[in-house]
Amino acid sequence: MFIDEVKIKVEAGNGGDGCLAFRREKYVAMGGPFGGNGGHGSNIKFVVDEGLHTLIDLRYMKTIKGKKGENGRGKNQHGAAAEDIIIKVPQGTVVTDLGTGFIIADLKNKSDEVIVAYGGRGGRGNTAFKTQSNPAPNFAENGEPGEVKELKVELKLLADVGLVGMPSVGKSTIISCVSKAKPKIAAYHFTTLTPNLGVTKTKDGRSFVIADLPGLIKGASLGEGLGDRFLKHIERTRVIAHVIDMSGFEGRDPYEDYITINNELEAFNPKILEKPQIIIANKMDLDSSKENLEKFKQKVDKKIFEVSALSNKGLDEVLTALADMLDEIPITSLYEDDKFESHVLYKFKKEEPYTITREGDEWVIRGEEVEKIFKMTKFTDEGLARFSKKIRKMGVDDKLSELGAQEGDKVRILDFYFEYK
């Protein structure tokens, strides 16, 4: 089954908790804090696997969860970091963060890999908080929560040349003649339900990858037929080979077919029409083809290659011309740099650290920063005092007072309640 788009949730592993411990040994007076740090939570990593050609494995993974880092232990023993979760994806996979709209990665090279969600750091044990003024801290940290993201994962096939055209114009026959690809071929529309890739070679030994994309129809860019699913695979191709049934066998006008397909390409992504394009006039062995070709040439001033895919005539000339074009066309990135997510900027993006709203008889504090501080706090007496000091420095107390909070009002962070004083 060819699956080229899935939406999944990834949850990186939380960091391990820091340990609260003290050294108690005979003949060791005032041993002091002895708790180790927790280990790093597992990252979620996507790695290219050349043997994969579909995202079907991801289709059944609704949520990918990382493992928690090991907790710290006494005797200053640090917890082990959790192993990264490795997810193999096909070459040509694009990963987008649905929360921000930014592209995390375009895995177009054989050795590409990317961390799509970072695990949390381990919480610090009480040894890490030892200072001159507090030589025996009675608190430690919980592990940092791992990143949680909703992702769209798309496969955009890596091909040098894309065959486009109306249904039943001979695209599958052409790719079967010039490569070892074996697409299904039959005398009805939409025989090809999935893109087919084939490696072809010219007589002088040059080779490139050619893709046969399922037939487009009018309205394909809006979801008609199969076009809305497969137009994205044209975006990566360096050359578009427009296959036209020049015989008009089904009563269609070859020129109208040509205009229709180009309109759909432009509607899907205007940049596609900036790609070099050749026209392959197929089925030239039929009687009506010559007359239709003359009419077509009067309206289209472009190089046209006459072929008969059924009898394998004229295809060598087409392959040579395509190879010549590819020699002069550099490989460029599919996306502009400003569409990519910078993890450093994303992880430390500037935003309000919290919001406070009145809901019924309680005040609710929300915000990524304040919630992370809360989750990482072990609520011992010292831990609670440290947490209160942190959120006071963030201005939470002043903001509650400004909003009209009264002594004794209930204040909630996540599922926990406090009393405003």
# chains A, B, ... in the order shown; residues from 1 in each chain; ligands from 1
>>> residues_around(residues="Lys299 of chain A", least_positions_apart="2", cutoff="12 Å", atoms="only C-alpha atoms", output="list in words")
Pro254, Tyr255, Glu256, Tyr258, Ile259, Asn292, Leu293, Glu294, Lys295, Phe296, Lys297, Asp301 and Lys302 of chain A
>>> residues_around(residues="Ala281 of chain A", least_positions_apart="4", cutoff="8 Å", atoms="only C-alpha atoms", output="PyMOL selection string")
chain A and resi 243-246+293+304-307
>>> residues_around(residues="segment 71-73 of chain A", least_positions_apart="4", cutoff="7 Å", atoms="only C-alpha atoms", output="VMD selection string")
chain A and resid 16 to 19 35 to 39 77 to 79 125
>>> atom_distance(atom1="atom CA of Ser401 of chain A", atom2="atom CA of Asp415 of chain A")
21.8 Å
>>> residues_around(residues="Lys393 of chain A", least_positions_apart="6", cutoff="12 Å", atoms="only C-alpha atoms", output="PyMOL selection string")
chain A and resi 353+370+386-387+399
>>> residues_around(residues="Asn43 of chain A", least_positions_apart="3", cutoff="6 Å", atoms="only C-alpha atoms", output="PyMOL selection string")
chain A and resi 12+84+117-119
>>> write_last_selection(atoms="N, CA, C and O atoms", output="PDB file, in the first residue's frame")
ATOM      1  N   ALA A  12       8.582  13.077  23.351  1.00  0.00           N
ATOM      2  CA  ALA A  12       9.937  12.720  23.766  1.00  0.00           C
ATOM      3  C   ALA A  12       9.930  12.351  25.250  1.00  0.00           C
ATOM      4  O   ALA A  12       9.025  12.716  26.005  1.00  0.00           O
ATOM      5  N   ASP A  84      17.729   6.963  22.362  1.00  0.00           N
ATOM      6  CA  ASP A  84      16.844   7.652  21.424  1.00  0.00           C
ATOM      7  C   ASP A  84      15.914   6.652  20.731  1.00  0.00           C
ATOM      8  O   ASP A  84      16.287   5.497  20.490  1.00  0.00           O
ATOM      9  N   ALA A 117      11.769  15.644  18.151  1.00  0.00           N
ATOM     10  CA  ALA A 117      11.319  16.047  19.488  1.00  0.00           C
ATOM     11  C   ALA A 117      12.444  15.724  20.470  1.00  0.00           C
ATOM     12  O   ALA A 117      12.944  14.598  20.503  1.00  0.00           O
ATOM     13  N   TYR A 118      12.830  16.714  21.250  1.00  0.00           N
ATOM     14  CA  TYR A 118      13.955  16.562  22.171  1.00  0.00           C
ATOM     15  C   TYR A 118      13.475  16.088  23.541  1.00  0.00           C
ATOM     16  O   TYR A 118      12.495  16.603  24.085  1.00  0.00           O
ATOM     17  N   GLY A 119      14.197  15.128  24.092  1.00  0.00           N
ATOM     18  CA  GLY A 119      13.893  14.670  25.437  1.00  0.00           C
ATOM     19  C   GLY A 119      14.276  15.704  26.472  1.00  0.00           C
ATOM     20  O   GLY A 119      15.109  16.583  26.232  1.00  0.00           O
TER      21      GLY A 119
END
>>> atom_distance(atom1="atom CA of Arg366 of chain A", atom2="atom CA of Ile413 of chain A")
6.6 Å
>>> residues_around(residues="segment 157-159 of chain A", least_positions_apart="2", cutoff="6 Å", atoms="only C-alpha atoms", output="ChimeraX atom specification")
/A:92,161,209-211,233,237
>>> closest_residue(among="A:Val411, A:Ala21, A:Ile86, A:Ala105", to="Gly360 of chain A", atoms="only C-alpha atoms")
A:Val411
>>> residues_around(residues="segment 147-153 of chain A", least_positions_apart="3", cutoff="6 Å", atoms="only C-alpha atoms", output="VMD selection string")
chain A and resid 5 to 12 94 to 98 117 to 118
>>> write_last_selection(atoms="all heavy atoms", output="mmCIF file, in the first residue's frame")
data_model
loop_
_atom_site.group_PDB
_atom_site.id
_atom_site.type_symbol
_atom_site.label_atom_id
_atom_site.label_comp_id
_atom_site.auth_asym_id
_atom_site.auth_seq_id
_atom_site.Cartn_x
_atom_site.Cartn_y
_atom_site.Cartn_z
ATOM 1 N N GLU A 5 1.366 10.317 3.216
ATOM 2 C CA GLU A 5 1.116 11.397 4.174
ATOM 3 C C GLU A 5 0.449 10.840 5.423
ATOM 4 O O GLU A 5 -0.546 10.114 5.327
ATOM 5 C CB GLU A 5 0.229 12.485 3.565
ATOM 6 C CG GLU A 5 -0.005 13.669 4.496
ATOM 7 C CD GLU A 5 -0.804 14.793 3.847
ATOM 8 O OE1 GLU A 5 -0.620 15.027 2.632
ATOM 9 O OE2 GLU A 5 -1.604 15.439 4.542
ATOM 10 N N VAL A 6 1.014 11.159 6.589
ATOM 11 C CA VAL A 6 0.415 10.743 7.860
ATOM 12 C C VAL A 6 0.553 11.886 8.863
ATOM 13 O O VAL A 6 1.430 12.748 8.728
ATOM 14 C CB VAL A 6 1.088 9.468 8.447
ATOM 15 C CG1 VAL A 6 0.851 8.263 7.569
ATOM 16 C CG2 VAL A 6 2.572 9.688 8.664
ATOM 17 N N LYS A 7 -0.301 11.868 9.857
ATOM 18 C CA LYS A 7 -0.205 12.813 10.972
ATOM 19 C C LYS A 7 -0.022 11.996 12.249
ATOM 20 O O LYS A 7 -0.793 11.069 12.509
ATOM 21 C CB LYS A 7 -1.457 13.689 11.060
ATOM 22 C CG LYS A 7 -1.589 14.661 9.893
ATOM 23 C CD LYS A 7 -2.829 15.524 10.026
ATOM 24 C CE LYS A 7 -2.943 16.486 8.834
ATOM 25 N NZ LYS A 7 -4.156 17.331 8.917
ATOM 26 N N ILE A 8 1.002 12.335 13.001
ATOM 27 C CA ILE A 8 1.299 11.583 14.212
ATOM 28 C C ILE A 8 1.631 12.543 15.355
ATOM 29 O O ILE A 8 1.939 13.718 15.135
ATOM 30 C CB ILE A 8 2.496 10.618 14.016
ATOM 31 C CG1 ILE A 8 3.743 11.389 13.583
ATOM 32 C CG2 ILE A 8 2.168 9.510 13.050
ATOM 33 C CD1 ILE A 8 4.998 10.553 13.572
ATOM 34 N N LYS A 9 1.573 12.005 16.561
ATOM 35 C CA LYS A 9 1.957 12.751 17.753
ATOM 36 C C LYS A 9 3.240 12.137 18.288
ATOM 37 O O LYS A 9 3.366 10.908 18.352
ATOM 38 C CB LYS A 9 0.855 12.675 18.818
ATOM 39 C CG LYS A 9 1.134 13.494 20.067
ATOM 40 C CD LYS A 9 -0.047 13.395 21.037
ATOM 41 C CE LYS A 9 0.179 14.263 22.272
ATOM 42 N NZ LYS A 9 -0.957 14.172 23.213
ATOM 43 N N VAL A 10 4.210 12.972 18.621
ATOM 44 C CA VAL A 10 5.455 12.474 19.205
ATOM 45 C C VAL A 10 5.621 13.063 20.595
ATOM 46 O O VAL A 10 5.384 14.247 20.820
ATOM 47 C CB VAL A 10 6.681 12.800 18.324
ATOM 48 C CG1 VAL A 10 6.647 12.011 17.036
ATOM 49 C CG2 VAL A 10 6.787 14.293 18.016
ATOM 50 N N GLU A 11 6.014 12.206 21.523
ATOM 51 C CA GLU A 11 6.235 12.634 22.908
ATOM 52 C C GLU A 11 7.626 12.164 23.309
ATOM 53 O O GLU A 11 7.844 10.964 23.544
ATOM 54 C CB GLU A 11 5.185 12.041 23.841
ATOM 55 C CG GLU A 11 3.752 12.461 23.512
ATOM 56 C CD GLU A 11 2.724 11.802 24.422
ATOM 57 O OE1 GLU A 11 3.138 11.049 25.347
ATOM 58 O OE2 GLU A 11 1.524 12.026 24.220
ATOM 59 N N ALA A 12 8.582 13.077 23.351
ATOM 60 C CA ALA A 12 9.937 12.720 23.766
ATOM 61 C C ALA A 12 9.930 12.351 25.250
ATOM 62 O O ALA A 12 9.025 12.716 26.005
ATOM 63 C CB ALA A 12 10.893 13.875 23.505
ATOM 64 N N VAL A 94 9.333 14.832 4.281
ATOM 65 C CA VAL A 94 9.278 16.201 4.817
ATOM 66 C C VAL A 94 8.482 16.163 6.125
ATOM 67 O O VAL A 94 7.380 15.616 6.168
ATOM 68 C CB VAL A 94 8.602 17.165 3.817
ATOM 69 C CG1 VAL A 94 8.520 18.569 4.412
ATOM 70 C CG2 VAL A 94 9.373 17.196 2.502
ATOM 71 N N VAL A 95 9.049 16.737 7.187
ATOM 72 C CA VAL A 95 8.411 16.726 8.504
ATOM 73 C C VAL A 95 8.034 18.153 8.883
ATOM 74 O O VAL A 95 8.886 19.046 8.910
ATOM 75 C CB VAL A 95 9.361 16.142 9.578
ATOM 76 C CG1 VAL A 95 8.622 16.000 10.902
ATOM 77 C CG2 VAL A 95 9.931 14.798 9.136
ATOM 78 N N THR A 96 6.749 18.366 9.166
ATOM 79 C CA THR A 96 6.239 19.699 9.507
ATOM 80 C C THR A 96 5.614 19.677 10.893
ATOM 81 O O THR A 96 4.860 18.746 11.234
ATOM 82 C CB THR A 96 5.174 20.149 8.479
ATOM 83 O OG1 THR A 96 5.729 20.097 7.163
ATOM 84 C CG2 THR A 96 4.710 21.564 8.763
ATOM 85 N N ASP A 97 5.926 20.680 11.700
ATOM 86 C CA ASP A 97 5.316 20.850 13.017
ATOM 87 C C ASP A 97 3.958 21.520 12.829
ATOM 88 O O ASP A 97 3.879 22.680 12.420
ATOM 89 C CB ASP A 97 6.226 21.710 13.890
ATOM 90 C CG ASP A 97 5.729 21.824 15.330
ATOM 91 O OD1 ASP A 97 4.537 21.581 15.571
ATOM 92 O OD2 ASP A 97 6.534 22.170 16.209
ATOM 93 N N LEU A 98 2.889 20.808 13.115
ATOM 94 C CA LEU A 98 1.544 21.355 12.912
ATOM 95 C C LEU A 98 1.243 22.487 13.890
ATOM 96 O O LEU A 98 0.399 23.341 13.607
ATOM 97 C CB LEU A 98 0.503 20.241 13.060
ATOM 98 C CG LEU A 98 0.497 19.183 11.946
ATOM 99 C CD1 LEU A 98 -0.489 18.063 12.276
ATOM 100 C CD2 LEU A 98 0.142 19.819 10.611
ATOM 101 N N ALA A 117 11.769 15.644 18.151
ATOM 102 C CA ALA A 117 11.319 16.047 19.488
ATOM 103 C C ALA A 117 12.444 15.724 20.470
ATOM 104 O O ALA A 117 12.944 14.598 20.503
ATOM 105 C CB ALA A 117 10.037 15.324 19.881
ATOM 106 N N TYR A 118 12.830 16.714 21.250
ATOM 107 C CA TYR A 118 13.955 16.562 22.171
ATOM 108 C C TYR A 118 13.475 16.088 23.541
ATOM 109 O O TYR A 118 12.495 16.603 24.085
ATOM 110 C CB TYR A 118 14.704 17.885 22.326
ATOM 111 C CG TYR A 118 15.606 18.212 21.160
ATOM 112 C CD1 TYR A 118 15.098 18.717 19.974
ATOM 113 C CD2 TYR A 118 16.980 17.990 21.233
ATOM 114 C CE1 TYR A 118 15.923 19.008 18.893
ATOM 115 C CE2 TYR A 118 17.824 18.284 20.166
ATOM 116 C CZ TYR A 118 17.282 18.787 18.992
ATOM 117 O OH TYR A 118 18.104 19.070 17.925
#
>>> closest_residue(among="A:Tyr27, A:Arg252, A:Glu382, A:Thr355", to="Phe129 of chain A", atoms="only C-alpha atoms")
A:Glu382
>>> atom_distance(atom1="atom CA of Asp316 of chain A", atom2="atom CA of Ser168 of chain A")
21.4 Å
>>> select_by_dssp(residues="segment 81-314 of chain A", states="strand (DSSP E)", output="ChimeraX atom specification")
/A:85-89,93-97,103-107,113-117,148-155,161-164,196-201,207-212,239-245,277-282,304-306
>>> decode(residues="segment 108-181 of chain A", atoms="C-alpha atoms", output="PDB file, in the first residue's frame")
ATOM      1  CA  LYS A 108      16.312  14.402   0.907  1.00  0.00           C
ATOM      2  CA  ASN A 109      19.770  12.821   1.287  1.00  0.00           C
ATOM      3  CA  LYS A 110      20.623   9.179   1.949  1.00  0.00           C
ATOM      4  CA  SER A 111      22.380   9.898   5.241  1.00  0.00           C
ATOM      5  CA  ASP A 112      19.929  12.467   6.629  1.00  0.00           C
ATOM      6  CA  GLU A 113      18.579  12.217  10.158  1.00  0.00           C
ATOM      7  CA  VAL A 114      16.829  14.697  12.427  1.00  0.00           C
ATOM      8  CA  ILE A 115      15.615  14.917  16.010  1.00  0.00           C
ATOM      9  CA  VAL A 116      11.937  15.862  15.722  1.00  0.00           C
ATOM     10  CA  ALA A 117      11.319  16.047  19.488  1.00  0.00           C
ATOM     11  CA  TYR A 118      13.955  16.562  22.171  1.00  0.00           C
ATOM     12  CA  GLY A 119      13.893  14.670  25.437  1.00  0.00           C
ATOM     13  CA  GLY A 120      13.961  16.557  28.711  1.00  0.00           C
ATOM     14  CA  ARG A 121      17.139  17.036  30.709  1.00  0.00           C
ATOM     15  CA  GLY A 122      17.540  15.142  33.942  1.00  0.00           C
ATOM     16  CA  GLY A 123      16.534  16.809  37.173  1.00  0.00           C
ATOM     17  CA  ARG A 124      19.349  17.856  39.473  1.00  0.00           C
ATOM     18  CA  GLY A 125      19.961  16.017  42.708  1.00  0.00           C
ATOM     19  CA  ASN A 126      20.392  17.929  45.933  1.00  0.00           C
ATOM     20  CA  THR A 127      24.199  17.760  45.626  1.00  0.00           C
ATOM     21  CA  ALA A 128      23.958  20.130  42.660  1.00  0.00           C
ATOM     22  CA  PHE A 129      22.273  22.784  44.822  1.00  0.00           C
ATOM     23  CA  LYS A 130      24.924  22.829  47.530  1.00  0.00           C
ATOM     24  CA  THR A 131      26.192  26.358  48.155  1.00  0.00           C
ATOM     25  CA  GLN A 132      28.199  28.107  50.823  1.00  0.00           C
ATOM     26  CA  SER A 133      25.061  29.611  52.310  1.00  0.00           C
ATOM     27  CA  ASN A 134      23.086  26.335  52.028  1.00  0.00           C
ATOM     28  CA  PRO A 135      25.518  23.427  52.474  1.00  0.00           C
ATOM     29  CA  ALA A 136      22.760  20.819  52.959  1.00  0.00           C
ATOM     30  CA  PRO A 137      19.865  21.578  50.559  1.00  0.00           C
ATOM     31  CA  ASN A 138      16.782  19.506  51.298  1.00  0.00           C
ATOM     32  CA  PHE A 139      15.322  19.539  47.805  1.00  0.00           C
ATOM     33  CA  ALA A 140      15.951  18.141  44.308  1.00  0.00           C
ATOM     34  CA  GLU A 141      14.383  18.547  40.870  1.00  0.00           C
ATOM     35  CA  ASN A 142      12.088  16.339  38.882  1.00  0.00           C
ATOM     36  CA  GLY A 143      13.142  15.700  35.280  1.00  0.00           C
ATOM     37  CA  GLU A 144      12.311  18.222  32.565  1.00  0.00           C
ATOM     38  CA  PRO A 145       9.303  17.201  30.444  1.00  0.00           C
ATOM     39  CA  GLY A 146      10.139  16.054  26.914  1.00  0.00           C
ATOM     40  CA  GLU A 147       8.807  17.923  23.892  1.00  0.00           C
ATOM     41  CA  VAL A 148       5.343  17.001  22.664  1.00  0.00           C
ATOM     42  CA  LYS A 149       4.473  17.785  19.044  1.00  0.00           C
ATOM     43  CA  GLU A 150       1.846  17.069  16.434  1.00  0.00           C
ATOM     44  CA  LEU A 151       3.605  16.338  13.141  1.00  0.00           C
ATOM     45  CA  LYS A 152       2.628  16.022   9.517  1.00  0.00           C
ATOM     46  CA  VAL A 153       4.950  13.621   7.734  1.00  0.00           C
ATOM     47  CA  GLU A 154       4.879  13.728   3.923  1.00  0.00           C
ATOM     48  CA  LEU A 155       6.734  11.725   1.320  1.00  0.00           C
ATOM     49  CA  LYS A 156       7.652  13.736  -1.769  1.00  0.00           C
ATOM     50  CA  LEU A 157       9.251  11.375  -4.238  1.00  0.00           C
ATOM     51  CA  LEU A 158      12.795  12.022  -5.381  1.00  0.00           C
ATOM     52  CA  ALA A 159      12.751  11.934  -9.179  1.00  0.00           C
ATOM     53  CA  ASP A 160      14.635  13.913 -11.818  1.00  0.00           C
ATOM     54  CA  VAL A 161      11.800  13.818 -14.360  1.00  0.00           C
ATOM     55  CA  GLY A 162       8.063  13.721 -13.733  1.00  0.00           C
ATOM     56  CA  LEU A 163       5.626  12.422 -16.351  1.00  0.00           C
ATOM     57  CA  VAL A 164       2.355  14.349 -16.192  1.00  0.00           C
ATOM     58  CA  GLY A 165      -0.754  14.264 -18.320  1.00  0.00           C
ATOM     59  CA  MET A 166      -4.388  13.259 -18.567  1.00  0.00           C
ATOM     60  CA  PRO A 167      -5.430   9.668 -17.768  1.00  0.00           C
ATOM     61  CA  SER A 168      -4.650   7.024 -20.409  1.00  0.00           C
ATOM     62  CA  VAL A 169      -2.223   9.150 -22.457  1.00  0.00           C
ATOM     63  CA  GLY A 170       0.526   6.529 -22.185  1.00  0.00           C
ATOM     64  CA  LYS A 171       2.658   7.603 -19.203  1.00  0.00           C
ATOM     65  CA  SER A 172       2.791   4.108 -17.710  1.00  0.00           C
ATOM     66  CA  THR A 173       3.624   2.587 -21.078  1.00  0.00           C
ATOM     67  CA  ILE A 174       6.503   5.051 -21.515  1.00  0.00           C
ATOM     68  CA  ILE A 175       8.046   4.326 -18.104  1.00  0.00           C
ATOM     69  CA  SER A 176       7.703   0.576 -18.671  1.00  0.00           C
ATOM     70  CA  CYS A 177       9.589   0.944 -21.970  1.00  0.00           C
ATOM     71  CA  VAL A 178      12.465   3.083 -20.690  1.00  0.00           C
ATOM     72  CA  SER A 179      13.025   1.397 -17.287  1.00  0.00           C
ATOM     73  CA  LYS A 180      12.418  -1.840 -15.425  1.00  0.00           C
ATOM     74  CA  ALA A 181       9.369  -0.402 -13.664  1.00  0.00           C
TER      75      ALA A 181
END
